[in-house]
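**Student:** Structure below; questions to follow.
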Amino acid sequence: MKLPHTHSLRARLLWFLLVAVVATALLQAAVAYRAALAEADALFDIQMRQMALSLSPGMPEGGQLVPSDGSGDQYDFLIQVWTSDGSSLFQSTTHATLPQRAVLGYSTIQARGTTYRVFSFDTGSQVIQVAQDEQVRQAMAAKLALRTVLPTVALVPLLMLLVWWVVRSSLAPVTRVRKQVAAREADELGELAEDQLPDEIRPLVHELNLLFGRVTQAFEAQKNFVADAAHELRTPLAALKLQVQMLRRAADERSHDIAINRLNAGIDRASRLIEQLLVLARQQSGTQAQSTTVDLGTMVKTVLEEQAFPAQAKQISIDTQISTPVWVLGQVDALQILVRNLVDNAIKYTPTTGRILVTVLSEDGRPWLEVHDSGPGIAPADRSRVLDRFYRVAGSEVGGSGLGLAIVKTIADAQQAHITLDTSELLGGLCVRVEWPTPVLPLAPNGLTQAS
């Protein structure tokens, strides 16, 4: 039986079970028929032998011989008797004639287009032959098999009804989950109930809830980005508009140059703000690249080379204490942004001719990064708040958007690292420490960890 093409799990299950039930019934009928035929052959063979042996003492003269219980008529037994020289003494019917020469014992022969089962017995003076049409045995076996299979066939509709109910009940949780999802609004991303679900469906619903969580996080990041951008860009855009107006009103070349410089500085600040907003939105959306093992010391050296020019412009000396290799697990781009923001923040708040110290070490196998500066530092009351977006310490003369350390905090959380702010005992300014909780071994080319 060819199954119809369908995408319905319920229909596929019902069809498969229907085919299984029908195939089982057919197999049962075949097995029952074979067993009944073997049993009928054995019983009839015994009856034929007993009939032949009962005729061996002597034969009546003339007429037809019929067993006293009537089984000869009922089961179409044919009886023939010959003398030892081949003369026919008796024949129970004239409708069918069997060969005169027969194999002693049991045999199967063809006569007049019919297959007969024959038992021949030699008494010494005569040969007694009892035969039976094979169709009689097959008909008897078919009746016995039908009696065996008929209850199963009669129960097939009830069995299919039971199968339909079991399949419908088993797939009810799928229907319930589908209705829950269909009834939701576009912005409703809460978790689906995972209780009372089969083991095969619960992982799917669990993964769906995780997907809802990621989508919610992405929506929140997008919403926050839009709100933050609208809030923070309002001031620099207004300042840019004012500076353009001042540029138009410039009466002489000196005023014109001053207005252009201020406009360029305003554009740089707006560009920096937009860049930091985009970085923050990308980190908060959870769409970072796949994590890998990174040599933190090598990364810090690369970032310091990039930041060499702004440090030299302020005559700031940057010292390092880097132990290589120090491996951490994370996204390369995100870690570069974290290190760059820490160094950039230190350069920004360190006064001219100041000092910065960057250390990359490991303690008890746990890697950590510290950035010290000789700037004014941050008061203990403000240290937790400067990690929030757009918070700037009151009275600070350094321009900025208040996003640098917020981005560092977001990346550290995503990398499962811990960030602390304290007073630098070495340089007197701020000390920012980022510590990873567990040691990490580098990945070998085959993807396995190797000793560093």
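Identifiers in the structure tokens: chain A, B, ... in order shown; residue index from 1 per chain; ligand index from 1 in order shown.
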Which neighbours of A:Ala131 fall inside 7 Å, counting only C-alpha atoms, when residues of the same chain fewer than 6 positions from it are skipped, and could you give them as a PyMOL selection string?

**Tutor:** chain A and resi 77-79+116-119

**Student:** Report the residues of stretch 141-362 of chain A whose backbone DSSP state falls under alpha helix (DSSP H), written as a ChimeraX atom specification.

**Tutor:** /A:141-170,172-182,202-249,253-284,296-306,308-313,332-349

**Student:** Could you take the residues named above and write them with C-alpha atoms, as a short mmCIF file (atom, residue, chain, number, x, y, z; two decimals), in the first residue's frame?

**Tutor:**
```cif
data_model
loop_
_atom_site.label_atom_id
_atom_site.label_comp_id
_atom_site.auth_asym_id
_atom_site.auth_seq_id
_atom_site.Cartn_x
_atom_site.Cartn_y
_atom_site.Cartn_z
CA ALA A 141 -7.72 -25.06 6.32
CA ALA A 142 -9.27 -21.86 4.90
CA LYS A 143 -12.31 -22.29 7.17
CA LEU A 144 -10.11 -22.77 10.22
CA ALA A 145 -7.93 -19.76 9.30
CA LEU A 146 -10.99 -17.62 8.70
CA ARG A 147 -12.34 -18.53 12.12
CA THR A 148 -9.02 -17.49 13.62
CA VAL A 149 -8.68 -14.19 11.73
CA LEU A 150 -12.33 -13.15 11.67
CA PRO A 151 -12.31 -11.74 15.27
CA THR A 152 -9.25 -9.63 14.41
CA VAL A 153 -10.85 -8.36 11.20
CA ALA A 154 -14.02 -7.52 13.09
CA LEU A 155 -11.98 -5.57 15.64
CA VAL A 156 -10.02 -3.55 13.02
CA PRO A 157 -12.52 -0.62 12.94
CA LEU A 158 -12.55 -0.49 16.74
CA LEU A 159 -8.75 -0.74 16.78
CA MET A 160 -8.40 2.11 14.26
CA LEU A 161 -10.79 4.23 16.32
CA LEU A 162 -8.64 3.54 19.36
CA VAL A 163 -5.47 4.40 17.38
CA TRP A 164 -7.05 7.66 16.18
CA TRP A 165 -7.91 8.58 19.78
CA VAL A 166 -4.40 7.72 21.02
CA VAL A 167 -2.75 9.75 18.22
CA ARG A 168 -5.09 12.69 18.80
CA SER A 169 -4.45 12.63 22.55
CA SER A 170 -0.69 12.28 22.08
CA ALA A 172 -2.81 17.42 21.85
CA PRO A 173 0.21 19.24 23.43
CA VAL A 174 1.38 20.25 19.94
CA THR A 175 -2.05 21.67 19.20
CA ARG A 176 -2.06 23.47 22.54
CA VAL A 177 1.34 25.07 21.88
CA ARG A 178 0.25 26.07 18.37
CA LYS A 179 -2.86 27.79 19.77
CA GLN A 180 -0.76 29.61 22.38
CA VAL A 181 1.55 30.97 19.69
CA ALA A 182 -1.32 31.81 17.32
CA ARG A 202 9.56 19.97 25.66
CA PRO A 203 13.03 20.57 24.09
CA LEU A 204 11.37 22.24 21.08
CA VAL A 205 9.32 24.55 23.32
CA HIS A 206 12.40 25.23 25.45
CA GLU A 207 14.43 26.26 22.41
CA LEU A 208 11.49 28.37 21.25
CA ASN A 209 11.49 30.15 24.62
CA LEU A 210 15.22 30.76 24.29
CA LEU A 211 14.58 32.21 20.84
CA PHE A 212 11.86 34.46 22.30
CA GLY A 213 14.39 35.60 24.90
CA ARG A 214 16.98 36.46 22.25
CA VAL A 215 14.40 38.27 20.14
CA THR A 216 13.23 40.19 23.23
CA GLN A 217 16.82 41.13 24.00
CA ALA A 218 17.34 42.29 20.43
CA PHE A 219 14.10 44.31 20.51
CA GLU A 220 15.06 45.90 23.81
CA ALA A 221 18.50 46.77 22.48
CA GLN A 222 16.95 48.29 19.38
CA LYS A 223 14.44 50.23 21.43
CA ASN A 224 17.14 51.44 23.81
CA PHE A 225 19.35 52.40 20.89
CA VAL A 226 16.58 54.45 19.30
CA ALA A 227 15.78 56.13 22.62
CA ASP A 228 19.44 56.76 23.43
CA ALA A 229 20.21 58.03 19.96
CA ALA A 230 17.22 60.36 19.98
CA HIS A 231 18.18 61.66 23.42
CA GLU A 232 21.91 62.00 22.99
CA LEU A 233 22.01 63.24 19.41
CA ARG A 234 19.64 66.08 20.12
CA THR A 235 22.31 68.18 21.86
CA PRO A 236 25.22 67.70 19.42
CA LEU A 237 22.94 68.23 16.43
CA ALA A 238 21.65 71.43 17.97
CA ALA A 239 25.25 72.49 18.60
CA LEU A 240 26.18 71.69 14.99
CA LYS A 241 23.29 73.80 13.76
CA LEU A 242 24.39 76.68 15.95
CA GLN A 243 27.98 76.39 14.73
CA VAL A 244 26.80 76.45 11.10
CA GLN A 245 24.92 79.64 11.84
CA MET A 246 28.04 81.11 13.44
CA LEU A 247 29.99 80.12 10.35
CA ARG A 248 27.53 82.01 8.18
CA ARG A 249 27.82 85.08 10.38
CA GLU A 253 38.76 85.27 8.14
CA ARG A 254 39.76 84.66 11.78
CA SER A 255 36.14 84.26 12.90
CA HIS A 256 35.57 82.06 9.87
CA ASP A 257 38.47 79.74 10.85
CA ILE A 258 37.32 79.56 14.45
CA ALA A 259 33.80 78.61 13.35
CA ILE A 260 35.13 75.93 11.00
CA ASN A 261 37.32 74.46 13.75
CA ARG A 262 34.40 74.37 16.14
CA LEU A 263 32.19 72.79 13.48
CA ASN A 264 34.82 70.13 12.80
CA ALA A 265 35.14 69.42 16.52
CA GLY A 266 31.36 69.14 16.81
CA ILE A 267 31.23 66.73 13.88
CA ASP A 268 33.98 64.62 15.48
CA ARG A 269 32.08 64.49 18.76
CA ALA A 270 28.84 63.51 16.99
CA SER A 271 30.65 60.84 14.96
CA ARG A 272 32.25 59.47 18.12
CA LEU A 273 28.89 59.40 19.86
CA ILE A 274 27.21 57.61 16.96
CA GLU A 275 30.05 55.08 16.81
CA GLN A 276 29.76 54.34 20.53
CA LEU A 277 25.98 54.06 20.30
CA LEU A 278 26.29 51.51 17.51
CA VAL A 279 28.89 49.53 19.46
CA LEU A 280 26.69 49.54 22.55
CA ALA A 281 23.63 48.45 20.55
CA ARG A 282 25.56 45.63 18.89
CA GLN A 283 26.90 44.35 22.20
CA GLN A 284 23.54 44.55 23.94
CA LEU A 296 44.99 38.85 25.78
CA GLY A 297 48.56 40.10 26.01
CA THR A 298 49.04 40.18 22.26
CA MET A 299 45.71 41.95 21.82
CA VAL A 300 46.66 44.62 24.38
CA LYS A 301 49.95 45.27 22.56
CA THR A 302 48.06 45.73 19.29
CA VAL A 303 45.62 48.20 20.87
CA LEU A 304 48.45 50.18 22.50
CA GLU A 305 50.11 50.57 19.11
CA GLU A 306 46.85 52.02 17.77
CA ALA A 308 50.20 55.57 20.57
CA PHE A 309 49.46 58.80 18.65
CA PRO A 310 46.83 60.29 21.04
CA ALA A 311 49.07 59.36 23.99
CA GLN A 312 52.07 61.09 22.42
CA ALA A 313 49.95 64.15 21.67
CA VAL A 332 37.83 38.97 19.26
CA ASP A 333 36.09 42.16 18.12
CA ALA A 334 34.33 42.65 21.45
CA LEU A 335 37.55 42.16 23.42
CA GLN A 336 39.35 44.68 21.21
CA ILE A 337 36.61 47.24 21.89
CA LEU A 338 36.86 46.54 25.63
CA VAL A 339 40.63 47.06 25.73
CA ARG A 340 40.48 50.07 23.38
CA ASN A 341 37.82 51.82 25.48
CA LEU A 342 39.78 51.28 28.69
CA VAL A 343 42.99 52.66 27.19
CA ASP A 344 41.16 55.50 25.44
CA ASN A 345 39.38 56.40 28.68
CA ALA A 346 42.69 56.42 30.57
CA ILE A 347 44.34 58.66 27.94
CA LYS A 348 41.36 61.01 27.96
CA TYR A 349 41.37 61.55 31.74
#
```

**Student:** List as a PDB file with N, CA and C atoms, in the first residue's frame the protein and nucleic acid residues near stretch 39-41 of chain A, meaning an atom at most 9 Å away when only C-alpha atoms are counted, but skip any in the same chain fewer than 5 places from it.

**Tutor:**
```pdb
ATOM      1  N   ARG A  34      -1.491 -21.575   7.037  1.00  0.00           N
ATOM      2  CA  ARG A  34      -0.431 -22.585   6.951  1.00  0.00           C
ATOM      3  C   ARG A  34      -0.510 -23.555   8.116  1.00  0.00           C
ATOM      4  N   ILE A  46      -3.825 -39.406   9.059  1.00  0.00           N
ATOM      5  CA  ILE A  46      -4.095 -40.442  10.074  1.00  0.00           C
ATOM      6  C   ILE A  46      -5.413 -41.147   9.783  1.00  0.00           C
ATOM      7  N   ARG A 137      -8.858 -30.522   1.711  1.00  0.00           N
ATOM      8  CA  ARG A 137      -7.983 -30.116   2.821  1.00  0.00           C
ATOM      9  C   ARG A 137      -7.781 -28.590   2.830  1.00  0.00           C
ATOM     10  N   GLN A 138      -7.562 -28.023   1.642  1.00  0.00           N
ATOM     11  CA  GLN A 138      -7.358 -26.579   1.575  1.00  0.00           C
ATOM     12  C   GLN A 138      -8.594 -25.808   2.013  1.00  0.00           C
ATOM     13  N   MET A 140     -10.852 -26.895   4.150  1.00  0.00           N
ATOM     14  CA  MET A 140     -10.920 -27.024   5.596  1.00  0.00           C
ATOM     15  C   MET A 140      -9.939 -26.072   6.281  1.00  0.00           C
ATOM     16  N   ALA A 141      -8.704 -25.975   5.742  1.00  0.00           N
ATOM     17  CA  ALA A 141      -7.721 -25.058   6.323  1.00  0.00           C
ATOM     18  C   ALA A 141      -8.174 -23.607   6.203  1.00  0.00           C
TER      19      ALA A 141
END
```

**Student:** Take atom CA of A:Gln47 and atom CA of A:Thr83 and report the distance between them in Å, one decimal.

**Tutor:**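 Pair atom CA of A:Gln47 / atom CA of A:Thr83 returns 22.9 Å.
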
**Student:** For the atom pair atom CA of A:Val294 and atom CA of A:Pro325, what is the interatomic distance in Å to one decimal place?

**Tutor:**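 Pair atom CA of A:Val294 / atom CA of A:Pro325 returns 9.1 Å.
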
**Student:** Out of A:Arg385, A:Arg112, A:Arg184, A:His418, which residue has the shortest atom-to-atom distance to A:Leu405 when counting only C-alpha atoms?

**Tutor:**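 Closest to A:Leu405, using only C-alpha atoms: A:Arg385.
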
**Student:** Here is a test: counting only C-alpha atoms, which residue of A:Ser84, A:Ser125, A:Thr108, A:Ser362 is nearest to A:Trp327?

**Tutor:** A:Ser362

**Student:** So which residues touch A:Leu53 within 10 Å, counting only C-alpha atoms, skipping near sequence neighbours fewer than 2 positions away, as number ranges by chain?

**Tutor:** A: 47-51, 55-57, 120-123, 128

**Student:** The selected residues should be written to file as a PDB file, in the first residue's frame (atoms: C-alpha atoms).

**Tutor:**
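Done, and the output landed in result27.pdb:
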```pdb
ATOM      1  CA  GLN A  47      -7.742 -40.972   9.114  1.00  0.00           C
ATOM      2  CA  MET A  48      -6.773 -42.324   5.675  1.00  0.00           C
ATOM      3  CA  ARG A  49      -4.320 -44.777   7.257  1.00  0.00           C
ATOM      4  CA  GLN A  50      -6.864 -45.957   9.806  1.00  0.00           C
ATOM      5  CA  MET A  51      -9.443 -46.426   7.048  1.00  0.00           C
ATOM      6  CA  LEU A  55     -10.297 -52.617   5.315  1.00  0.00           C
ATOM      7  CA  SER A  56      -7.341 -54.970   5.354  1.00  0.00           C
ATOM      8  CA  PRO A  57      -9.120 -58.063   6.908  1.00  0.00           C
ATOM      9  CA  SER A 120      -1.447 -47.222  -0.237  1.00  0.00           C
ATOM     10  CA  PHE A 121      -1.238 -50.353   1.898  1.00  0.00           C
ATOM     11  CA  ASP A 122      -0.186 -53.861   0.788  1.00  0.00           C
ATOM     12  CA  THR A 123      -1.833 -56.663   2.807  1.00  0.00           C
ATOM     13  CA  ILE A 128      -5.715 -51.017  -0.560  1.00  0.00           C
TER      14      ILE A 128
END
```
